[in-house]
>>> print(open('data15.cif').read())   # mmCIF, C-alpha atoms
data_target
loop_
_atom_site.label_atom_id
_atom_site.label_comp_id
_atom_site.auth_asym_id
_atom_site.auth_seq_id
_atom_site.Cartn_x
_atom_site.Cartn_y
_atom_site.Cartn_z
CA MET W 720 154.42 68.98 84.33
CA ASP W 721 151.06 68.06 82.75
CA ARG W 722 152.81 65.80 80.25
CA ILE W 723 154.65 63.93 82.98
CA VAL W 724 151.39 63.33 84.86
CA ASP W 725 149.70 62.08 81.69
CA GLU W 726 152.60 59.75 80.94
CA ILE W 727 152.52 58.33 84.48
CA VAL W 728 148.78 57.65 84.11
CA LEU W 729 149.31 55.99 80.71
CA PHE W 730 152.10 53.86 82.11
CA GLY W 731 149.86 52.78 84.98
CA LEU W 732 147.05 51.91 82.56
CA GLY W 733 149.47 49.91 80.44
CA LEU W 734 150.36 47.58 83.29
CA PRO W 735 146.89 45.86 83.39
CA LEU W 736 147.08 45.42 79.61
CA LEU W 737 150.06 43.11 80.14
CA LEU W 738 147.59 40.56 81.50
CA LEU W 739 146.09 40.33 78.01
CA ALA W 740 149.50 39.65 76.42
CA PRO W 741 150.78 36.09 75.89
CA ALA W 742 153.25 34.85 78.46
CA ALA W 743 156.73 35.69 77.24
CA PRO W 744 160.01 37.11 78.59
CA ALA W 745 159.16 40.35 76.81
CA ALA W 746 156.22 40.85 79.20
CA VAL W 747 158.66 41.29 82.06
CA ALA W 748 160.93 43.66 80.16
CA ALA W 749 158.11 45.68 78.57
CA PRO W 750 157.55 48.14 81.48
CA LEU W 751 161.26 48.80 81.81
CA LEU W 752 161.72 49.33 78.07
CA ALA W 753 158.71 51.67 77.97
CA LEU W 754 160.06 53.68 80.89
CA ILE W 755 163.51 53.94 79.33
CA ALA W 756 162.16 54.94 75.91
CA THR W 757 159.74 57.52 77.32
CA GLY W 758 162.31 58.96 79.75
CA VAL W 759 164.95 59.32 77.03
CA LEU W 760 162.42 60.99 74.73
CA GLU W 761 161.49 63.51 77.44
CA LEU W 762 165.14 64.27 78.21
CA LEU W 763 165.97 64.72 74.54
CA ASP W 764 162.92 66.92 74.02
CA ARG W 765 163.98 69.23 76.84
CA GLY W 766 167.59 69.12 75.65
CA GLU W 767 166.54 70.13 72.14
CA GLY W 768 164.86 73.24 73.47
CA GLY W 769 168.00 74.28 75.33
CA ALA W 770 170.22 73.48 72.33
CA GLN W 771 168.03 75.61 70.06
CA ARG W 772 168.28 78.55 72.44
CA GLN W 773 172.06 78.23 72.54
CA ALA W 774 172.22 77.76 68.78
CA SER W 775 170.79 81.26 68.36
CA ALA W 776 174.22 82.50 69.43
CA SER W 777 175.68 80.86 66.28
CA ALA W 778 177.75 78.37 68.26
CA ALA W 779 178.76 75.21 66.36
CA SER W 780 178.36 72.67 69.20
CA PRO W 781 174.74 73.55 70.13
CA VAL W 782 173.78 73.40 66.44
CA ARG W 783 175.20 69.91 66.08
CA ALA W 784 173.52 68.83 69.32
CA ALA W 785 170.15 70.11 68.13
CA ARG W 786 170.49 68.21 64.85
CA PHE W 787 171.43 64.99 66.66
CA ILE W 788 168.47 65.26 69.04
CA ARG W 789 166.13 66.00 66.16
CA VAL W 790 167.14 62.69 64.53
CA ALA W 791 167.48 60.61 67.74
CA ARG W 792 163.96 61.19 69.09
CA PRO W 793 162.02 59.75 66.13
CA ALA W 794 164.56 56.91 65.89
CA ILE W 795 164.00 55.84 69.51
CA ALA W 796 160.22 55.97 69.21
CA ALA W 797 160.30 54.08 65.89
CA ALA W 798 162.59 51.43 67.39
CA TYR W 799 160.11 50.74 70.20
CA LEU W 800 157.16 50.57 67.84
CA ILE W 801 159.02 48.17 65.53
CA ALA W 802 159.96 46.05 68.54
CA ALA W 803 156.25 45.92 69.47
CA LEU W 804 155.55 44.23 66.14
CA ALA W 805 157.87 41.38 67.11
CA ALA W 806 157.00 41.25 70.82
CA PRO W 807 153.23 41.66 71.39
CA ALA W 808 153.78 42.34 75.11
CA LEU W 809 155.32 45.69 74.20
CA ALA W 810 151.99 46.70 72.63
CA ALA W 811 150.62 47.36 76.13
CA PHE W 812 152.72 50.53 76.26
CA VAL W 813 152.30 51.64 72.65
CA PRO W 814 149.74 54.28 73.86
CA LEU W 815 152.53 55.76 75.98
CA LEU W 816 154.73 56.07 72.89
CA ALA W 817 151.79 57.39 70.88
CA TYR W 818 151.35 60.13 73.49
CA ALA W 819 155.05 61.06 73.23
CA ALA W 820 154.90 61.06 69.40
CA VAL W 821 151.98 63.51 69.35
CA ALA W 822 153.16 65.68 72.24
CA GLN W 823 156.69 65.98 70.82
CA ASN W 824 155.51 66.22 67.18
CA LEU W 825 157.58 63.28 65.93
CA GLY W 826 156.41 63.53 62.34
CA PRO W 827 154.70 60.48 60.70
CA LEU W 828 154.93 58.49 63.92
CA ARG W 829 151.95 60.48 65.19
CA PHE W 830 149.79 58.54 62.72
CA LEU W 831 151.73 55.30 62.19
CA TRP W 832 151.74 54.09 65.81
CA PRO W 833 148.58 51.88 65.32
CA ALA W 834 150.65 49.73 62.93
CA ALA W 835 152.69 48.57 65.95
CA LEU W 836 149.58 46.78 67.24
CA LEU W 837 149.39 44.44 64.24
CA GLY W 838 151.85 42.05 65.88
CA ALA W 839 149.57 41.64 68.90
CA ALA W 840 146.49 41.18 66.70
CA VAL W 841 148.20 38.57 64.50
CA SER W 842 149.53 36.63 67.49
CA GLY W 843 146.04 36.11 68.86
CA SER W 844 146.05 38.97 71.36
CA GLY W 845 143.18 40.82 69.69
CA ALA W 846 141.87 42.08 73.02
CA LEU W 847 145.27 43.60 73.81
CA ALA W 848 145.43 45.24 70.38
CA ALA W 849 141.89 46.65 70.69
CA ALA W 850 142.44 47.95 74.23
CA ALA W 851 145.80 49.47 73.26
CA LEU W 852 144.24 51.10 70.17
CA LEU W 853 141.47 52.68 72.25
CA LEU W 854 143.89 53.80 74.94
CA GLY W 855 146.25 55.14 72.25
CA ALA W 856 143.46 57.25 70.74
CA LEU W 857 142.73 58.71 74.16
CA ALA W 858 146.45 59.29 74.66
CA CYS W 859 146.62 61.26 71.39
CA LEU W 860 143.73 63.45 72.51
CA ALA W 861 145.40 64.01 75.85
CA ALA W 862 148.68 64.90 74.10
CA ARG W 863 146.92 67.44 71.91
CA ARG W 864 145.26 68.95 74.97
CA ALA W 865 148.58 69.14 76.84
CA THR W 866 150.28 70.72 73.81
CA LYS W 867 147.51 73.29 73.49
CA VAL W 868 147.67 74.11 77.19
CA GLN W 869 151.45 74.46 77.01
CA THR W 870 151.18 76.77 73.98
CA GLU W 871 148.53 78.88 75.66
CA ARG W 872 150.62 79.15 78.81
CA ALA W 873 153.63 80.27 76.80
CA SER W 874 151.46 82.81 74.99
CA LEU W 875 150.05 83.98 78.33
CA ARG W 876 153.57 84.41 79.73
CA GLN W 877 154.60 86.44 76.69
CA TRP W 878 151.46 88.55 76.98
CA ARG W 879 152.08 89.06 80.68
CA ASP W 880 155.69 90.06 80.04
CA ALA W 881 154.58 92.47 77.32
CA VAL W 882 151.99 94.00 79.64
CA GLN W 883 154.59 94.33 82.38
CA GLU W 884 157.02 96.04 80.00
CA ASP W 885 154.28 98.39 78.83
CA ARG W 886 153.33 99.15 82.41
CA LEU W 887 156.91 99.95 83.37
CA ALA W 888 157.36 102.07 80.24
CA LEU W 889 154.11 103.92 80.98
CA ALA W 890 155.16 104.48 84.60
CA GLU W 891 158.49 105.86 83.42
CA ARG W 892 156.82 108.18 80.92
CA THR W 893 154.37 109.32 83.58
CA ARG W 894 157.24 110.01 85.95
CA ASP W 895 159.11 111.96 83.27
CA LEU W 896 156.01 114.00 82.48
CA ALA W 897 155.45 114.73 86.16
CA GLU W 898 159.06 115.82 86.60
CA ARG W 899 158.84 117.99 83.47
CA GLN W 900 155.60 119.52 84.70
CA ASP W 901 157.12 120.23 88.11
CA LEU W 902 160.13 121.81 86.40
CA GLU W 903 157.91 123.97 84.20
CA VAL W 904 155.84 125.06 87.20
CA SER W 905 159.00 125.82 89.15
CA CYS W 906 160.42 127.85 86.26
CA ALA W 907 157.13 129.73 85.90
CA VAL W 908 157.06 130.51 89.63
CA LEU W 909 160.65 131.71 89.56
CA ALA W 910 160.01 133.86 86.51
CA GLU W 911 156.93 135.39 88.14
CA ARG W 912 158.87 136.14 91.32
CA ALA W 913 161.58 137.79 89.28
CA ARG W 914 158.97 139.88 87.46
CA ILE W 915 157.33 140.93 90.74
CA ALA W 916 160.70 141.85 92.21
CA ARG W 917 161.52 143.90 89.12
CA GLU W 918 158.16 145.67 89.20
CA ILE W 919 158.48 146.52 92.89
CA HIS W 920 162.03 147.76 92.40
CA ASP W 921 161.22 149.85 89.35
CA ASN W 922 157.91 151.31 90.54
CA VAL W 923 157.33 151.15 94.29
CA GLY W 924 161.00 151.53 95.16
CA HIS W 925 161.44 154.62 92.99
CA LEU W 926 158.25 156.18 94.32
CA LEU W 927 159.34 155.64 97.91
CA THR W 928 162.79 157.00 97.16
CA ARG W 929 161.27 160.13 95.61
CA SER W 930 158.94 160.49 98.62
CA VAL W 931 161.91 160.25 100.98
CA LEU W 932 163.76 162.97 99.05
CA GLN W 933 160.70 165.21 99.03
CA MET W 934 160.19 164.71 102.74
CA GLU W 935 163.82 165.57 103.45
CA ALA W 936 163.48 168.70 101.31
CA LEU W 937 160.35 169.73 103.24
CA ALA W 938 162.16 169.14 106.51
CA VAL W 939 164.96 171.46 105.41
CA THR W 940 162.46 174.05 104.21
CA HIS W 941 160.57 174.10 107.54
CA GLU W 942 163.53 174.02 109.91
CA ASP W 943 162.20 177.19 111.59
CA ASP W 944 159.02 175.38 112.66
CA PRO W 945 160.11 172.80 115.27
CA ALA W 946 156.68 171.21 115.59
CA LEU W 947 156.28 170.70 111.86
CA ALA W 948 159.91 169.62 111.49
CA LYS W 949 159.31 166.94 114.12
CA GLU W 950 156.25 165.66 112.29
CA LEU W 951 158.11 165.64 108.99
CA ALA W 952 161.00 163.75 110.58
CA ALA W 953 158.59 161.09 111.85
CA VAL W 954 157.06 160.72 108.40
CA GLY W 955 160.54 160.58 106.88
CA ALA W 956 161.56 157.82 109.28
CA THR W 957 158.45 155.87 108.35
CA LEU W 958 159.25 156.27 104.64
CA HIS W 959 162.85 155.17 105.25
CA LYS W 960 161.60 152.12 107.08
CA ALA W 961 159.12 151.33 104.30
CA LEU W 962 161.87 151.73 101.69
CA GLY W 963 164.12 149.36 103.64
CA THR W 964 161.31 146.82 103.91
CA VAL W 965 160.63 147.00 100.17
CA ARG W 966 164.31 146.58 99.36
CA ALA W 967 164.56 143.55 101.64
CA SER W 968 161.47 142.02 100.05
CA VAL W 969 162.86 142.66 96.57
CA HIS W 970 166.15 141.01 97.50
CA ASP W 971 164.32 138.01 98.98
CA LEU W 972 162.21 137.61 95.85
CA HIS W 973 165.26 137.93 93.67
CA ASP W 974 167.11 135.34 95.72
CA GLU W 975 164.21 132.89 95.44
CA ALA W 976 163.92 133.52 91.69
CA PHE W 977 167.58 132.73 91.12
CA ASP W 978 167.96 129.21 89.71
CA PRO W 979 171.62 128.31 89.15
CA GLN W 980 170.91 125.48 86.70
CA THR W 981 168.71 127.64 84.49
CA THR W 982 171.15 130.53 84.77
CA LEU W 983 174.09 128.35 83.70
CA ALA W 984 172.12 126.89 80.79
CA ASP W 985 171.17 130.39 79.62
CA LEU W 986 174.74 131.57 80.11
CA ILE W 987 176.14 128.84 77.88
CA GLY W 988 173.70 129.82 75.16
CA GLU W 989 174.80 133.46 75.31
CA PHE W 990 178.14 132.68 73.62
CA PRO W 991 177.63 132.23 69.87
CA GLY W 992 180.00 129.93 68.08
CA ILE W 993 180.44 127.66 71.13
CA ALA W 994 178.49 124.41 71.40
CA GLY W 995 178.06 123.88 75.12
CA THR W 996 176.76 121.09 77.32
CA LEU W 997 175.77 121.27 80.98
CA ALA W 998 175.81 118.47 83.55
CA PHE W 999 174.16 119.81 86.72
CA GLU W 1000 173.94 117.35 89.61
CA ALA W 1001 173.59 119.47 92.73
CA GLU W 1002 170.39 119.52 94.75
CA SER W 1003 171.11 122.14 97.42
CA LEU W 1004 173.50 124.79 96.15
CA PRO W 1005 174.04 127.72 98.57
CA ARG W 1006 173.59 131.14 97.03
CA PRO W 1007 177.22 132.29 97.58
CA VAL W 1008 178.49 129.18 95.82
CA ALA W 1009 175.92 129.55 93.06
CA LEU W 1010 176.96 133.16 92.40
CA ALA W 1011 180.63 132.19 92.37
CA VAL W 1012 179.97 129.30 89.99
CA VAL W 1013 178.04 131.52 87.58
CA ALA W 1014 180.80 134.16 87.64
CA ILE W 1015 183.54 131.57 87.06
CA VAL W 1016 181.66 129.94 84.20
CA ARG W 1017 181.00 133.31 82.58
CA GLU W 1018 184.66 134.27 82.79
CA ALA W 1019 185.83 130.85 81.57
CA LEU W 1020 183.49 130.95 78.57
CA ALA W 1021 184.61 134.45 77.68
CA ASN W 1022 188.27 133.42 77.84
CA ALA W 1023 187.62 130.22 75.88
CA ARG W 1024 185.97 132.13 73.05
CA THR W 1025 188.18 135.22 73.01
CA HIS W 1026 191.63 133.79 73.72
CA GLY W 1027 191.28 130.05 73.13
CA ARG W 1028 189.15 130.18 69.98
CA ALA W 1029 187.15 127.24 71.38
CA THR W 1030 184.18 125.81 69.52
CA SER W 1031 182.85 123.45 72.20
CA VAL W 1032 182.74 123.49 75.98
CA ALA W 1033 181.47 121.11 78.64
CA VAL W 1034 180.39 122.47 82.03
CA SER W 1035 179.71 120.12 84.94
CA LEU W 1036 178.71 120.89 88.51
CA LEU W 1037 178.63 117.87 90.80
CA GLU W 1038 177.68 117.57 94.45
CA PHE W 1039 179.69 115.30 96.73
CA PRO W 1040 179.21 114.61 100.45
CA GLY W 1041 181.71 117.27 101.51
CA PHE W 1042 182.07 119.66 98.58
CA TYR W 1043 180.85 120.89 95.21
CA GLN W 1044 182.98 120.33 92.11
CA LEU W 1045 182.98 122.60 89.07
CA ALA W 1046 184.76 121.58 85.86
CA ILE W 1047 184.83 123.51 82.58
CA GLU W 1048 186.53 121.81 79.63
CA ASP W 1049 186.92 123.28 76.14
CA ASN W 1050 188.76 122.45 72.93
CA GLY W 1051 190.54 125.79 72.65
CA ARG W 1052 194.21 126.68 72.86
CA ALA W 1053 195.14 126.40 76.51
CA ALA W 1054 198.17 128.65 76.22
CA ASN W 1055 196.01 131.59 75.15
CA LEU W 1056 193.27 131.31 77.73
CA VAL W 1057 195.04 133.27 80.44
CA GLY W 1058 193.65 136.58 79.32
CA GLU W 1059 195.18 139.99 79.51
CA GLY W 1060 197.69 139.89 82.32
CA GLY W 1061 196.02 136.82 83.77
CA LEU W 1062 193.26 138.91 85.35
CA GLY W 1063 190.55 136.47 84.25
CA LEU W 1064 192.18 133.52 85.97
CA ALA W 1065 193.00 135.60 89.01
CA SER W 1066 189.37 136.69 89.33
CA MET W 1067 188.13 133.10 89.09
CA GLU W 1068 190.66 131.92 91.66
CA GLU W 1069 189.69 134.72 94.07
CA ARG W 1070 186.03 133.75 93.87
CA ALA W 1071 186.82 130.11 94.67
CA THR W 1072 189.31 130.77 97.47
CA ALA W 1073 187.00 133.38 99.05
CA LEU W 1074 184.62 130.53 99.84
CA GLY W 1075 187.39 128.29 101.17
CA GLY W 1076 187.65 126.32 97.94
CA THR W 1077 190.41 125.46 95.48
CA PHE W 1078 191.06 126.47 91.88
CA SER W 1079 193.27 125.17 89.10
CA PHE W 1080 193.70 125.72 85.39
CA GLY W 1081 195.67 123.75 82.83
CA PRO W 1082 195.68 121.87 79.55
CA LEU W 1083 193.79 118.63 79.13
CA PRO W 1084 195.89 115.45 79.29
CA PRO W 1085 196.99 114.12 75.88
CA PRO W 1086 195.75 112.99 73.46
CA ARG W 1087 192.94 115.43 74.19
CA THR W 1088 193.44 119.06 73.25
CA GLY W 1089 192.06 122.05 75.07
CA SER W 1090 192.02 123.32 78.61
CA ARG W 1091 190.19 122.74 81.86
CA VAL W 1092 189.10 125.01 84.68
CA PHE W 1093 188.63 123.07 87.89
CA ALA W 1094 187.27 124.43 91.18
CA THR W 1095 185.91 122.97 94.41
CA PHE W 1096 183.76 124.57 97.11
CA PRO W 1097 183.45 123.00 100.57
CA LYS W 1098 179.96 122.68 101.95
CA THR W 1099 180.99 124.42 105.19
CA GLN W 1100 182.32 127.59 103.65
CA GLU W 1101 184.57 129.90 105.59
CA VAL W 1102 184.21 133.12 103.63
CA ARG W 1103 187.44 135.03 103.62
CA PRO W 1104 187.40 138.81 103.91
#
>>> encode(input="data15.cif", output="structure tokens")
Amino acid sequence: MDRIVDEIVLFGLGLPLLLLAPAAPAAVAAPLLALIATGVLELLDRGEGGAQRQASASAASPVRAARFIRVARPAIAAAYLIAALAAPALAAFVPLLAYAAVAQNLGPLRFLWPAALLGAAVSGSGALAAAALLLGALACLAARRATKVQTERASLRQWRDAVQEDRLALAERTRDLAERQDLEVSCAVLAERARIAREIHDNVGHLLTRSVLQMEALAVTHEDDPALAKELAAVGATLHKALGTVRASVHDLHDEAFDPQTTLADLIGEFPGIAGTLAFEAESLPRPVALAVVAIVREALANARTHGRATSVAVSLLEFPGFYQLAIEDNGRAANLVGEGGLGLASMEERATALGGTFSFGPLPPPRTGSRVFATFPKTQEVRP
């Protein structure tokens, strides 16, 4: 845009210089010829940039177009400057062509344009030649300034794009680190809850159970003392209530500590000789479904290793609007994965159907080899007795 403004200003300044030129038909045609030459040079310059970008794709036509434009631009500018030697009136717009030669880097023409003013000087239009030479020098300076500004703007755009890419990459890394930190904190909390539940069960629960048994033994021993037996019965009831409360708390802690994704990942790693992958995309998995999924995966992995001789398995649990989908694919021998008497498959099917879901087992479609366990669980489960 800056170049266009500069060229308009140079064209406007060239019009008064025509008054210094000798009267000739060329004086009338000079503005039109200058406009045509400058406009074609600008169009070709922009076209060369597009052709070079397309030529990077190794296409033949853009390459030929770029070569043609590279030759045509200096030829047009040289033709105008040569014409200015013969027609002094054209010298009024030589600064405009000098600007284009410098701005578009047209080789030797950047320095040879003053030679086009010799025709005006020889013909007696020394004032025109001097004014055009001065204006041409200013035009060259303006062209260099415009080129520098354009280069700096391009560099600034590249720098801005690089900064934007770095910012997006940094934001993504920060988000990944935050998610990983949240996951680690969640895993640590779950592990601590599991430890607390285990400690309460192993220590407090056993102590309360022993206290209940001792209290019941004392009650039997002092049956002949109704008053004492009544007091012992009250204490025993309190201990029973405390034991029930502890058991409920332990179950709640254990339920909260149960993470199906971590459990499935650990379960896959428990089978040596099988390279397993897990795709877990379920945000809110009910505990009954989670327990059924873990049991089915455990049974399927055992069958794949024992009967199918599988070496790789892929487990995926996906959540859909109305149901959960479990798929277990391995590269074992499908015909041998039924197990002894088909009890393994029957157990997996019972777990799925008990929650109102579906279950199927079969070989993978050719040309793939192996077998697939497929089960679905509706989100509104109707647990069957």
>>> residues_near_point(input="data15.cif", point="(183.6, 137.4, 86.2)", cutoff="12 Å", atoms="all atoms listed in the file", output="tab-separated table (two decimals) with C-alpha atoms, in the coordinates of the input")
chain	number	residue	atom	x	y	z
W	1010	LEU	CA	176.96	133.16	92.40
W	1011	ALA	CA	180.63	132.19	92.37
W	1012	VAL	CA	179.97	129.30	89.99
W	1013	VAL	CA	178.04	131.52	87.58
W	1014	ALA	CA	180.80	134.16	87.64
W	1015	ILE	CA	183.54	131.57	87.06
W	1016	VAL	CA	181.66	129.94	84.20
W	1017	ARG	CA	181.00	133.31	82.58
W	1018	GLU	CA	184.66	134.27	82.79
W	1019	ALA	CA	185.83	130.85	81.57
W	1020	LEU	CA	183.49	130.95	78.57
W	1021	ALA	CA	184.61	134.45	77.68
W	1022	ASN	CA	188.27	133.42	77.84
W	1062	LEU	CA	193.26	138.91	85.35
W	1063	GLY	CA	190.55	136.47	84.25
W	1064	LEU	CA	192.18	133.52	85.97
W	1065	ALA	CA	193.00	135.60	89.01
W	1066	SER	CA	189.37	136.69	89.33
W	1067	MET	CA	188.13	133.10	89.09
W	1068	GLU	CA	190.66	131.92	91.66
W	1069	GLU	CA	189.69	134.72	94.07
W	1070	ARG	CA	186.03	133.75	93.87
W	1071	ALA	CA	186.82	130.11	94.67
>>> resolve_selection(input="data15.cif", expression="the PyMOL selection byres ((chain W and resi 742-756) around 6)", output="list in words")
Pro741, Thr757, Gly758, Val759, Ala808 and Leu809 of chain W
>>> resolve_selection(input="data15.cif", expression="the PyMOL selection byres ((chain W and resi 854) around 10)", output="list of chain:residue names")
W:Leu729, W:Leu732, W:Gly733, W:Ala811, W:Phe812, W:Val813, W:Pro814, W:Leu815, W:Ala817, W:Tyr818, W:Ala848, W:Ala849, W:Ala850, W:Ala851, W:Leu852, W:Leu853, W:Gly855, W:Ala856, W:Leu857, W:Ala858, W:Cys859, W:Leu860
>>> atom_distance(input="data15.cif", atom1="atom CA of W:Asp1049", atom2="atom CA of W:Pro1005")
26.2 Å
>>> resolve_selection(input="data15.cif", expression="the PyMOL selection byres ((chain W and resi 1092-1100) around 7)", output="PDB file with C-alpha atoms, in the coordinates of the input")
ATOM      1  CA  GLY W1041     181.710 117.270 101.510  1.00  0.00           C
ATOM      2  CA  PHE W1042     182.070 119.660  98.580  1.00  0.00           C
ATOM      3  CA  TYR W1043     180.850 120.890  95.210  1.00  0.00           C
ATOM      4  CA  GLN W1044     182.980 120.330  92.110  1.00  0.00           C
ATOM      5  CA  LEU W1045     182.980 122.600  89.070  1.00  0.00           C
ATOM      6  CA  ALA W1046     184.760 121.580  85.860  1.00  0.00           C
ATOM      7  CA  ILE W1047     184.830 123.510  82.580  1.00  0.00           C
ATOM      8  CA  GLU W1048     186.530 121.810  79.630  1.00  0.00           C
ATOM      9  CA  ALA W1071     186.820 130.110  94.670  1.00  0.00           C
ATOM     10  CA  LEU W1074     184.620 130.530  99.840  1.00  0.00           C
ATOM     11  CA  GLY W1075     187.390 128.290 101.170  1.00  0.00           C
ATOM     12  CA  GLY W1076     187.650 126.320  97.940  1.00  0.00           C
ATOM     13  CA  THR W1077     190.410 125.460  95.480  1.00  0.00           C
ATOM     14  CA  PHE W1078     191.060 126.470  91.880  1.00  0.00           C
ATOM     15  CA  SER W1079     193.270 125.170  89.100  1.00  0.00           C
ATOM     16  CA  PHE W1080     193.700 125.720  85.390  1.00  0.00           C
ATOM     17  CA  GLY W1081     195.670 123.750  82.830  1.00  0.00           C
ATOM     18  CA  SER W1090     192.020 123.320  78.610  1.00  0.00           C
ATOM     19  CA  ARG W1091     190.190 122.740  81.860  1.00  0.00           C
ATOM     20  CA  GLU W1101     184.570 129.900 105.590  1.00  0.00           C
ATOM     21  CA  VAL W1102     184.210 133.120 103.630  1.00  0.00           C
TER      22      VAL W1102
END
>>> atom_distance(input="data15.cif", atom1="atom CA of W:Gly843", atom2="atom CA of W:Ala796")
24.4 Å
>>> atom_distance(input="data15.cif", atom1="atom CA of W:Thr996", atom2="atom CA of W:Thr981")
12.6 Å
>>> residues_near_point(input="data15.cif", point="(185.4, 129.9, 73.5)", cutoff="9 Å", atoms="only C-alpha atoms", output="ChimeraX atom specification")
/W:990-993,1019-1032,1049-1051
>>> closest_residue(input="data15.cif", among="W:Ala948, W:Val1034, W:Leu962, W:Leu738", to="W:Ile987", atoms="all atoms listed in the file")
W:Val1034
>>> residues_around(input="data15.cif", residues="W:Ala956", least_positions_apart="3", cutoff="12 Å", atoms="all atoms listed in the file", output="list in words")
Leu927, Ser930, Val931, Leu932, Met934, Glu935, Ala938, Lys949, Glu950, Leu951, Ala952, Ala953, His959, Lys960, Ala961, Leu962 and Gly963 of chain W
>>> decode(input="data15.cif", residues="stretch 832-846 of chain W", atoms="N, CA, C and O atoms", output="compact mmCIF listing (two decimals), in the first residue's frame")
# COMPACT_ATOMS: atom_id res chain seq x y z
N TRP W 832 18.98 4.28 -14.68
CA TRP W 832 17.85 5.12 -15.07
C TRP W 832 18.26 6.57 -15.38
O TRP W 832 17.62 7.22 -16.21
N PRO W 833 19.32 7.17 -14.74
CA PRO W 833 19.66 8.56 -15.10
C PRO W 833 20.07 8.71 -16.56
O PRO W 833 19.97 9.83 -17.13
N ALA W 834 20.53 7.60 -17.19
CA ALA W 834 20.92 7.69 -18.60
C ALA W 834 19.73 8.06 -19.48
O ALA W 834 19.90 8.64 -20.58
N ALA W 835 18.50 7.72 -19.04
CA ALA W 835 17.31 8.03 -19.83
C ALA W 835 17.05 9.53 -19.90
O ALA W 835 16.25 9.99 -20.73
N LEU W 836 17.71 10.31 -19.06
CA LEU W 836 17.51 11.77 -19.06
C LEU W 836 18.44 12.48 -20.04
O LEU W 836 18.34 13.71 -20.21
N LEU W 837 19.36 11.74 -20.65
CA LEU W 837 20.29 12.38 -21.59
C LEU W 837 19.56 12.95 -22.79
O LEU W 837 19.96 13.99 -23.34
N GLY W 838 18.51 12.26 -23.23
CA GLY W 838 17.75 12.75 -24.38
C GLY W 838 17.16 14.11 -24.12
O GLY W 838 17.18 15.01 -24.97
N ALA W 839 16.60 14.31 -22.90
CA ALA W 839 16.02 15.61 -22.56
C ALA W 839 17.11 16.66 -22.45
O ALA W 839 16.92 17.83 -22.87
N ALA W 840 18.28 16.31 -21.89
CA ALA W 840 19.35 17.29 -21.75
C ALA W 840 19.90 17.70 -23.11
O ALA W 840 20.18 18.89 -23.35
N VAL W 841 20.04 16.74 -24.03
CA VAL W 841 20.58 17.04 -25.36
C VAL W 841 19.61 17.87 -26.17
O VAL W 841 20.01 18.75 -26.96
N SER W 842 18.32 17.65 -25.98
CA SER W 842 17.31 18.35 -26.78
C SER W 842 17.07 19.77 -26.30
O SER W 842 16.19 20.45 -26.81
N GLY W 843 17.78 20.21 -25.28
CA GLY W 843 17.60 21.57 -24.80
C GLY W 843 16.70 21.67 -23.59
O GLY W 843 16.42 22.78 -23.13
N SER W 844 16.21 20.56 -23.10
CA SER W 844 15.34 20.57 -21.91
C SER W 844 16.19 20.24 -20.68
O SER W 844 15.96 19.25 -19.97
N GLY W 845 17.23 21.08 -20.45
CA GLY W 845 18.11 20.82 -19.30
C GLY W 845 17.38 20.94 -17.98
O GLY W 845 17.66 20.20 -17.03
N ALA W 846 16.44 21.88 -17.89
CA ALA W 846 15.68 22.05 -16.65
C ALA W 846 14.86 20.79 -16.34
O ALA W 846 14.76 20.35 -15.20
